[in-house]
>>> print(open('my_file-v8.txt').read())   # compact mmCIF, N, CA and C atoms
# COMPACT_ATOMS: atom_id res chain seq x y z
N MET I 19 69.92 93.87 122.37
CA MET I 19 71.32 93.92 122.76
C MET I 19 72.13 94.46 121.57
N TRP I 20 73.02 95.41 121.82
CA TRP I 20 73.81 96.03 120.78
C TRP I 20 75.28 95.64 120.92
N PHE I 21 75.91 95.41 119.78
CA PHE I 21 77.32 95.06 119.78
C PHE I 21 78.09 96.08 118.94
N THR I 22 79.27 96.37 119.35
CA THR I 22 80.15 97.21 118.53
C THR I 22 80.92 96.29 117.59
N PRO I 23 81.45 96.81 116.48
CA PRO I 23 82.25 95.96 115.59
C PRO I 23 83.43 95.30 116.31
N LYS I 24 83.97 95.99 117.29
CA LYS I 24 85.10 95.44 118.04
C LYS I 24 84.69 94.21 118.85
N ASP I 25 83.45 94.19 119.33
CA ASP I 25 82.97 93.07 120.14
C ASP I 25 82.81 91.78 119.34
N ILE I 26 82.44 91.89 118.07
CA ILE I 26 82.20 90.68 117.28
C ILE I 26 83.35 90.34 116.33
N TYR I 27 84.41 91.14 116.35
CA TYR I 27 85.54 90.91 115.44
C TYR I 27 86.37 89.74 115.92
N THR I 28 86.61 88.77 115.03
CA THR I 28 87.44 87.60 115.35
C THR I 28 88.42 87.37 114.22
N PRO I 29 89.46 86.57 114.45
CA PRO I 29 90.37 86.23 113.35
C PRO I 29 89.66 85.53 112.18
N ALA I 30 88.67 84.73 112.49
CA ALA I 30 87.91 84.05 111.42
C ALA I 30 87.15 85.05 110.56
N LEU I 31 86.57 86.07 111.19
CA LEU I 31 85.87 87.12 110.45
C LEU I 31 86.86 87.89 109.57
N HIS I 32 88.04 88.16 110.09
CA HIS I 32 89.08 88.86 109.32
C HIS I 32 89.46 88.06 108.08
N ARG I 33 89.65 86.74 108.22
CA ARG I 33 89.97 85.88 107.06
C ARG I 33 88.83 85.87 106.05
N LEU I 34 87.61 85.84 106.53
CA LEU I 34 86.45 85.84 105.64
C LEU I 34 86.37 87.14 104.84
N ILE I 35 86.62 88.26 105.48
CA ILE I 35 86.60 89.56 104.80
C ILE I 35 87.70 89.62 103.74
N LYS I 36 88.90 89.15 104.08
CA LYS I 36 90.01 89.20 103.14
C LYS I 36 89.79 88.30 101.93
N HIS I 37 89.18 87.14 102.14
CA HIS I 37 88.95 86.22 101.01
C HIS I 37 87.71 86.56 100.20
N ASN I 38 86.94 87.54 100.64
CA ASN I 38 85.74 87.93 99.94
C ASN I 38 85.96 89.12 99.00
N ARG I 39 87.20 89.45 98.73
CA ARG I 39 87.51 90.57 97.84
C ARG I 39 87.22 90.17 96.39
N ASN I 40 86.92 91.17 95.56
CA ASN I 40 86.60 90.85 94.18
C ASN I 40 87.86 90.56 93.36
N ARG I 41 87.66 90.02 92.20
CA ARG I 41 88.77 89.58 91.35
C ARG I 41 89.66 90.72 90.88
N VAL I 42 89.07 91.86 90.59
CA VAL I 42 89.82 93.04 90.13
C VAL I 42 90.80 93.47 91.22
N GLU I 43 90.31 93.54 92.44
CA GLU I 43 91.13 93.97 93.57
C GLU I 43 92.29 93.01 93.81
N LYS I 44 92.01 91.71 93.77
CA LYS I 44 93.05 90.71 94.00
C LYS I 44 94.11 90.75 92.89
N GLU I 45 93.67 90.88 91.65
CA GLU I 45 94.61 90.89 90.52
C GLU I 45 95.48 92.14 90.53
N LEU I 46 94.89 93.29 90.83
CA LEU I 46 95.66 94.53 90.90
C LEU I 46 96.70 94.45 92.01
N ALA I 47 96.32 93.94 93.16
CA ALA I 47 97.26 93.79 94.27
C ALA I 47 98.40 92.85 93.90
N SER I 48 98.08 91.77 93.20
CA SER I 48 99.09 90.82 92.77
C SER I 48 100.10 91.45 91.80
N ILE I 49 99.60 92.23 90.85
CA ILE I 49 100.48 92.91 89.89
C ILE I 49 101.38 93.91 90.60
N LEU I 50 100.81 94.69 91.50
CA LEU I 50 101.60 95.69 92.22
C LEU I 50 102.66 95.04 93.10
N LEU I 51 102.31 93.94 93.76
CA LEU I 51 103.29 93.22 94.58
C LEU I 51 104.42 92.65 93.71
N SER I 52 104.08 92.15 92.54
CA SER I 52 105.10 91.63 91.62
C SER I 52 106.06 92.72 91.19
N ALA I 53 105.52 93.88 90.84
CA ALA I 53 106.36 95.00 90.42
C ALA I 53 107.24 95.48 91.58
N MET I 54 106.68 95.53 92.78
CA MET I 54 107.47 95.95 93.95
C MET I 54 108.60 94.98 94.24
N ASP I 55 108.31 93.69 94.09
CA ASP I 55 109.36 92.68 94.31
C ASP I 55 110.44 92.77 93.24
N LYS I 56 110.04 92.95 91.99
CA LYS I 56 111.00 93.00 90.90
C LYS I 56 111.95 94.20 91.04
N TYR I 57 111.41 95.36 91.40
CA TYR I 57 112.21 96.58 91.48
C TYR I 57 112.61 96.94 92.91
N GLU I 58 112.31 96.06 93.86
CA GLU I 58 112.66 96.24 95.27
C GLU I 58 112.18 97.59 95.80
N LEU I 59 110.88 97.85 95.67
CA LEU I 59 110.27 99.11 96.09
C LEU I 59 109.41 98.89 97.34
N ASP I 60 109.28 99.94 98.16
CA ASP I 60 108.41 99.90 99.33
C ASP I 60 107.06 100.56 99.04
N SER I 61 107.00 101.36 97.98
CA SER I 61 105.74 101.97 97.56
C SER I 61 105.78 102.14 96.05
N ILE I 62 104.59 102.28 95.49
CA ILE I 62 104.50 102.40 94.04
C ILE I 62 103.40 103.39 93.70
N ALA I 63 103.60 104.16 92.65
CA ALA I 63 102.61 105.15 92.21
C ALA I 63 101.80 104.57 91.06
N ILE I 64 100.49 104.82 91.11
CA ILE I 64 99.63 104.27 90.06
C ILE I 64 98.46 105.22 89.79
N CYS I 65 98.18 105.43 88.52
CA CYS I 65 96.99 106.16 88.08
C CYS I 65 95.93 105.13 87.70
N PRO I 66 94.66 105.46 87.83
CA PRO I 66 93.62 104.50 87.45
C PRO I 66 93.73 104.02 86.00
N ILE I 67 94.14 104.88 85.09
CA ILE I 67 94.26 104.46 83.68
C ILE I 67 95.39 103.44 83.52
N ASP I 68 96.48 103.59 84.30
CA ASP I 68 97.56 102.60 84.27
C ASP I 68 97.06 101.25 84.78
N ALA I 69 96.28 101.30 85.86
CA ALA I 69 95.72 100.06 86.41
C ALA I 69 94.80 99.39 85.40
N LEU I 70 94.01 100.18 84.68
CA LEU I 70 93.11 99.63 83.67
C LEU I 70 93.90 98.91 82.57
N HIS I 71 94.98 99.54 82.09
CA HIS I 71 95.80 98.91 81.05
C HIS I 71 96.47 97.63 81.56
N MET I 72 96.94 97.65 82.80
CA MET I 72 97.57 96.45 83.36
C MET I 72 96.56 95.31 83.49
N LEU I 73 95.38 95.63 83.98
CA LEU I 73 94.37 94.58 84.17
C LEU I 73 93.85 94.05 82.84
N ASN I 74 93.81 94.89 81.80
CA ASN I 74 93.39 94.40 80.49
C ASN I 74 94.39 93.39 79.93
N LYS I 75 95.66 93.52 80.28
CA LYS I 75 96.66 92.55 79.84
C LYS I 75 96.46 91.19 80.50
N THR I 76 95.83 91.19 81.68
CA THR I 76 95.60 89.93 82.39
C THR I 76 94.20 89.38 82.14
N ARG I 77 93.48 90.01 81.25
CA ARG I 77 92.13 89.60 80.86
C ARG I 77 91.10 89.75 81.97
N VAL I 78 91.37 90.63 82.92
CA VAL I 78 90.37 90.98 83.92
C VAL I 78 89.72 92.26 83.44
N ARG I 79 88.43 92.23 83.20
CA ARG I 79 87.73 93.37 82.64
C ARG I 79 87.14 94.23 83.75
N THR I 80 87.37 95.52 83.62
CA THR I 80 86.83 96.49 84.57
C THR I 80 86.73 97.83 83.86
N ASP I 81 86.38 98.87 84.58
CA ASP I 81 86.34 100.21 84.01
C ASP I 81 86.97 101.20 84.97
N LEU I 82 87.19 102.42 84.48
CA LEU I 82 87.86 103.44 85.29
C LEU I 82 87.07 103.81 86.54
N THR I 83 85.76 103.83 86.44
CA THR I 83 84.92 104.18 87.60
C THR I 83 85.13 103.18 88.72
N GLN I 84 85.14 101.89 88.39
CA GLN I 84 85.34 100.87 89.41
C GLN I 84 86.74 100.98 90.01
N LEU I 85 87.74 101.26 89.19
CA LEU I 85 89.11 101.38 89.70
C LEU I 85 89.27 102.60 90.62
N ARG I 86 88.68 103.71 90.24
CA ARG I 86 88.74 104.90 91.10
C ARG I 86 88.06 104.63 92.44
N ARG I 87 86.90 103.98 92.37
CA ARG I 87 86.17 103.64 93.59
C ARG I 87 87.00 102.69 94.46
N LEU I 88 87.65 101.74 93.84
CA LEU I 88 88.49 100.79 94.56
C LEU I 88 89.63 101.52 95.28
N LEU I 89 90.33 102.37 94.56
CA LEU I 89 91.49 103.06 95.14
C LEU I 89 91.07 104.06 96.21
N LYS I 90 89.98 104.78 95.99
CA LYS I 90 89.57 105.82 96.95
C LYS I 90 88.76 105.27 98.12
N ARG I 91 87.74 104.48 97.84
CA ARG I 91 86.84 104.04 98.91
C ARG I 91 87.32 102.76 99.60
N GLU I 92 87.69 101.77 98.81
CA GLU I 92 88.07 100.48 99.40
C GLU I 92 89.46 100.53 100.04
N TRP I 93 90.43 101.07 99.30
CA TRP I 93 91.80 101.12 99.79
C TRP I 93 92.08 102.41 100.55
N LYS I 94 91.15 103.37 100.51
CA LYS I 94 91.26 104.65 101.23
C LYS I 94 92.56 105.40 100.93
N LEU I 95 92.87 105.52 99.65
CA LEU I 95 94.07 106.24 99.22
C LEU I 95 93.69 107.63 98.73
N GLU I 96 94.63 108.54 98.83
CA GLU I 96 94.45 109.91 98.35
C GLU I 96 95.33 110.11 97.12
N ASN I 97 94.76 110.72 96.07
CA ASN I 97 95.58 110.98 94.89
C ASN I 97 96.27 112.34 95.04
N GLN I 98 97.28 112.57 94.21
CA GLN I 98 98.01 113.82 94.24
C GLN I 98 97.09 114.97 93.83
N LYS I 99 97.32 116.12 94.40
CA LYS I 99 96.48 117.29 94.10
C LYS I 99 96.75 117.83 92.69
N ASN I 100 98.00 117.71 92.23
CA ASN I 100 98.39 118.19 90.90
C ASN I 100 99.03 117.06 90.12
N SER I 101 99.18 117.25 88.82
CA SER I 101 99.89 116.28 88.01
C SER I 101 101.38 116.36 88.33
N ASN I 102 101.95 115.24 88.70
CA ASN I 102 103.37 115.15 89.03
C ASN I 102 104.02 114.01 88.26
N SER I 103 105.33 114.04 88.17
CA SER I 103 106.07 112.94 87.54
C SER I 103 106.09 111.73 88.46
N TYR I 104 106.00 110.56 87.87
CA TYR I 104 106.08 109.30 88.63
C TYR I 104 106.56 108.20 87.70
N GLN I 105 106.86 107.04 88.25
CA GLN I 105 107.27 105.89 87.48
C GLN I 105 106.05 105.02 87.20
N ARG I 106 105.65 104.93 85.93
CA ARG I 106 104.48 104.17 85.51
C ARG I 106 104.88 102.70 85.31
N ILE I 107 104.01 101.80 85.72
CA ILE I 107 104.21 100.38 85.47
C ILE I 107 103.52 100.03 84.16
N THR I 108 104.22 99.32 83.31
CA THR I 108 103.60 98.80 82.09
C THR I 108 103.86 97.31 82.00
N ILE I 109 102.89 96.60 81.49
CA ILE I 109 103.04 95.16 81.28
C ILE I 109 103.02 94.91 79.79
N TRP I 110 104.07 94.28 79.29
CA TRP I 110 104.15 93.96 77.87
C TRP I 110 103.36 92.71 77.57
N SER I 111 103.11 92.44 76.32
CA SER I 111 102.28 91.30 75.93
C SER I 111 102.91 89.96 76.33
N ASN I 112 104.24 89.93 76.54
CA ASN I 112 104.88 88.69 76.97
C ASN I 112 104.86 88.53 78.49
N GLY I 113 104.25 89.49 79.21
CA GLY I 113 104.12 89.42 80.66
C GLY I 113 105.22 90.12 81.43
N ASP I 114 106.20 90.70 80.74
CA ASP I 114 107.29 91.38 81.40
C ASP I 114 106.81 92.73 81.95
N ILE I 115 107.25 93.06 83.16
CA ILE I 115 106.87 94.32 83.81
C ILE I 115 107.99 95.33 83.62
N ASN I 116 107.61 96.54 83.21
CA ASN I 116 108.59 97.59 82.96
C ASN I 116 108.12 98.87 83.66
N MET I 117 109.07 99.76 83.97
CA MET I 117 108.73 101.05 84.55
C MET I 117 109.25 102.14 83.65
N GLU I 118 108.44 103.20 83.47
CA GLU I 118 108.84 104.32 82.64
C GLU I 118 108.32 105.61 83.24
N ASP I 119 108.91 106.72 82.86
CA ASP I 119 108.49 108.02 83.38
C ASP I 119 107.13 108.41 82.80
N ALA I 120 106.30 109.01 83.66
CA ALA I 120 104.98 109.48 83.23
C ALA I 120 104.59 110.67 84.11
N LYS I 121 103.48 111.28 83.78
CA LYS I 121 103.00 112.42 84.54
C LYS I 121 101.50 112.26 84.75
N GLY I 122 101.04 112.50 85.97
CA GLY I 122 99.62 112.37 86.25
C GLY I 122 99.32 112.55 87.72
N ARG I 123 98.04 112.45 88.06
CA ARG I 123 97.59 112.53 89.45
C ARG I 123 97.49 111.11 89.98
N TYR I 124 98.55 110.64 90.55
CA TYR I 124 98.67 109.24 90.93
C TYR I 124 98.31 109.00 92.40
N PHE I 125 98.04 107.74 92.70
CA PHE I 125 97.85 107.25 94.06
C PHE I 125 99.14 106.54 94.47
N THR I 126 99.52 106.62 95.72
CA THR I 126 100.69 105.91 96.21
C THR I 126 100.21 104.71 97.03
N VAL I 127 100.65 103.52 96.61
CA VAL I 127 100.28 102.28 97.29
C VAL I 127 101.52 101.76 98.01
N GLU I 128 101.38 101.53 99.31
CA GLU I 128 102.49 101.03 100.13
C GLU I 128 102.51 99.51 100.11
N LYS I 129 103.72 98.95 100.10
CA LYS I 129 103.88 97.49 100.12
C LYS I 129 103.32 96.91 101.42
N GLU I 130 103.51 97.62 102.51
CA GLU I 130 103.02 97.18 103.82
C GLU I 130 101.50 97.00 103.79
N PHE I 131 100.78 97.93 103.13
CA PHE I 131 99.33 97.84 103.00
C PHE I 131 98.93 96.58 102.22
N LEU I 132 99.63 96.32 101.12
CA LEU I 132 99.29 95.15 100.29
C LEU I 132 99.57 93.85 101.03
N ILE I 133 100.68 93.78 101.73
CA ILE I 133 101.01 92.56 102.47
C ILE I 133 100.01 92.33 103.59
N LYS I 134 99.63 93.40 104.27
CA LYS I 134 98.67 93.29 105.37
C LYS I 134 97.30 92.81 104.88
N ASN I 135 96.86 93.34 103.75
CA ASN I 135 95.51 93.04 103.27
C ASN I 135 95.42 91.92 102.24
N PHE I 136 96.54 91.57 101.62
CA PHE I 136 96.52 90.54 100.58
C PHE I 136 97.61 89.51 100.80
N ASP I 137 97.88 89.14 102.04
CA ASP I 137 98.95 88.19 102.30
C ASP I 137 98.66 86.82 101.74
N ASP I 138 97.38 86.51 101.47
CA ASP I 138 97.04 85.24 100.84
C ASP I 138 97.58 85.14 99.42
N LEU I 139 97.82 86.28 98.74
CA LEU I 139 98.39 86.26 97.40
C LEU I 139 99.86 85.84 97.43
N MET I 140 100.52 86.11 98.55
CA MET I 140 101.94 85.79 98.67
C MET I 140 102.17 84.28 98.80
N THR I 141 101.17 83.58 99.35
CA THR I 141 101.34 82.15 99.61
C THR I 141 100.76 81.28 98.51
N GLU I 142 99.96 81.84 97.62
CA GLU I 142 99.34 81.03 96.56
C GLU I 142 100.29 80.74 95.43
>>> encode(input="my_file-v8.txt", output="C-alpha cells")
Amino acid sequence: MWFTPKDIYTPALHRLIKHNRNRVEKELASILLSAMDKYELDSIAICPIDALHMLNKTRVRTDLTQLRRLLKREWKLENQKNSNSYQRITIWSNGDINMEDAKGRYFTVEKEFLIKNFDDLMTE
C-alpha cells in the first residue's frame, strides 16, 4: 500500500518537524525576528558571512557551508544575482542589534516565513 505525503500529514507531524530543527537554524531565526521587531521590518537581507558573525556572538558554532546550505536548501531562498547594497545586521558584544550599509549577494528573509516556521520561538 502506498501513501502520498498529503495522506499521512497531520498537525502532530507538523509540530514534530518544526521542533526537530537544528540549533543553528533556531538561533538564526530568533536573531532575525528580534531585528525585524526592533526595526519594524517585514523582510530582512542577510549574507551568509553576516549570519556567521551574528551566530558567533551567541556562541553557536557553525561554518559558511552549513549556513549557505541552510539558506538555499532548507529555507529555499534565492540570493541576489549581483552584489547590491543592503542593510547589514550587526550584533555588538553587549547584545545590541545595529543595522549598517553593506554590499553583497544577499538573501531576503520574510517575517511571514519566520513566523510560519518558527512560531515556537515567539512563545518561548
>>> residues_around(input="my_file-v8.txt", residues="stretch 118-126 of chain I", least_positions_apart="4", cutoff="7 Å", atoms="all atoms listed in the file", output="JSON, numbers by chain")
{"I": [61, 62, 63, 64, 65, 66, 95, 96, 97, 98, 99, 100, 101, 102, 103, 104, 105, 106, 107, 108]}
>>> residues_around(input="my_file-v8.txt", residues="stretch 78-88 of chain I", least_positions_apart="2", cutoff="8 Å", atoms="all atoms listed in the file", output="PyMOL selection string")
chain I and resi 41-43+45+65-67+69-70+72-76+90-95
>>> atom_distance(input="my_file-v8.txt", atom1="atom CA of I:Ser111", atom2="atom CA of I:Leu89")
25.0 Å
>>> closest_residue(input="my_file-v8.txt", among="I:Leu59, I:Ile49, I:Leu31, I:Ile26", to="I:Glu130", atoms="all atoms listed in the file")
I:Leu59
>>> select_by_dssp(input="my_file-v8.txt", residues="chain I", states="strand (DSSP E or B)", output="PyMOL selection string")
chain I and resi 61-64+97+102-109+115-122+125-128
>>> closest_residue(input="my_file-v8.txt", among="I:Ile109, I:Asp137, I:Leu132, I:Lys24", to="I:His71", atoms="all atoms listed in the file")
I:Ile109
>>> select_by_dssp(input="my_file-v8.txt", residues="chain I", states="helix (DSSP H, G or I)", output="number ranges by chain")
I: 23-26, 29-37, 41-57, 66-75, 82-92, 129-135, 137-141
>>> closest_residue(input="my_file-v8.txt", among="I:Lys134, I:Ile115, I:Ala30, I:Lys129", to="I:Leu51", atoms="only N, CA and C atoms")
I:Lys129
>>> atom_distance(input="my_file-v8.txt", atom1="atom N of I:Asp114", atom2="atom CA of I:Ser52")
11.0 Å
>>> atom_distance(input="my_file-v8.txt", atom1="atom CA of I:Pro23", atom2="atom N of I:Phe136")
20.5 Å
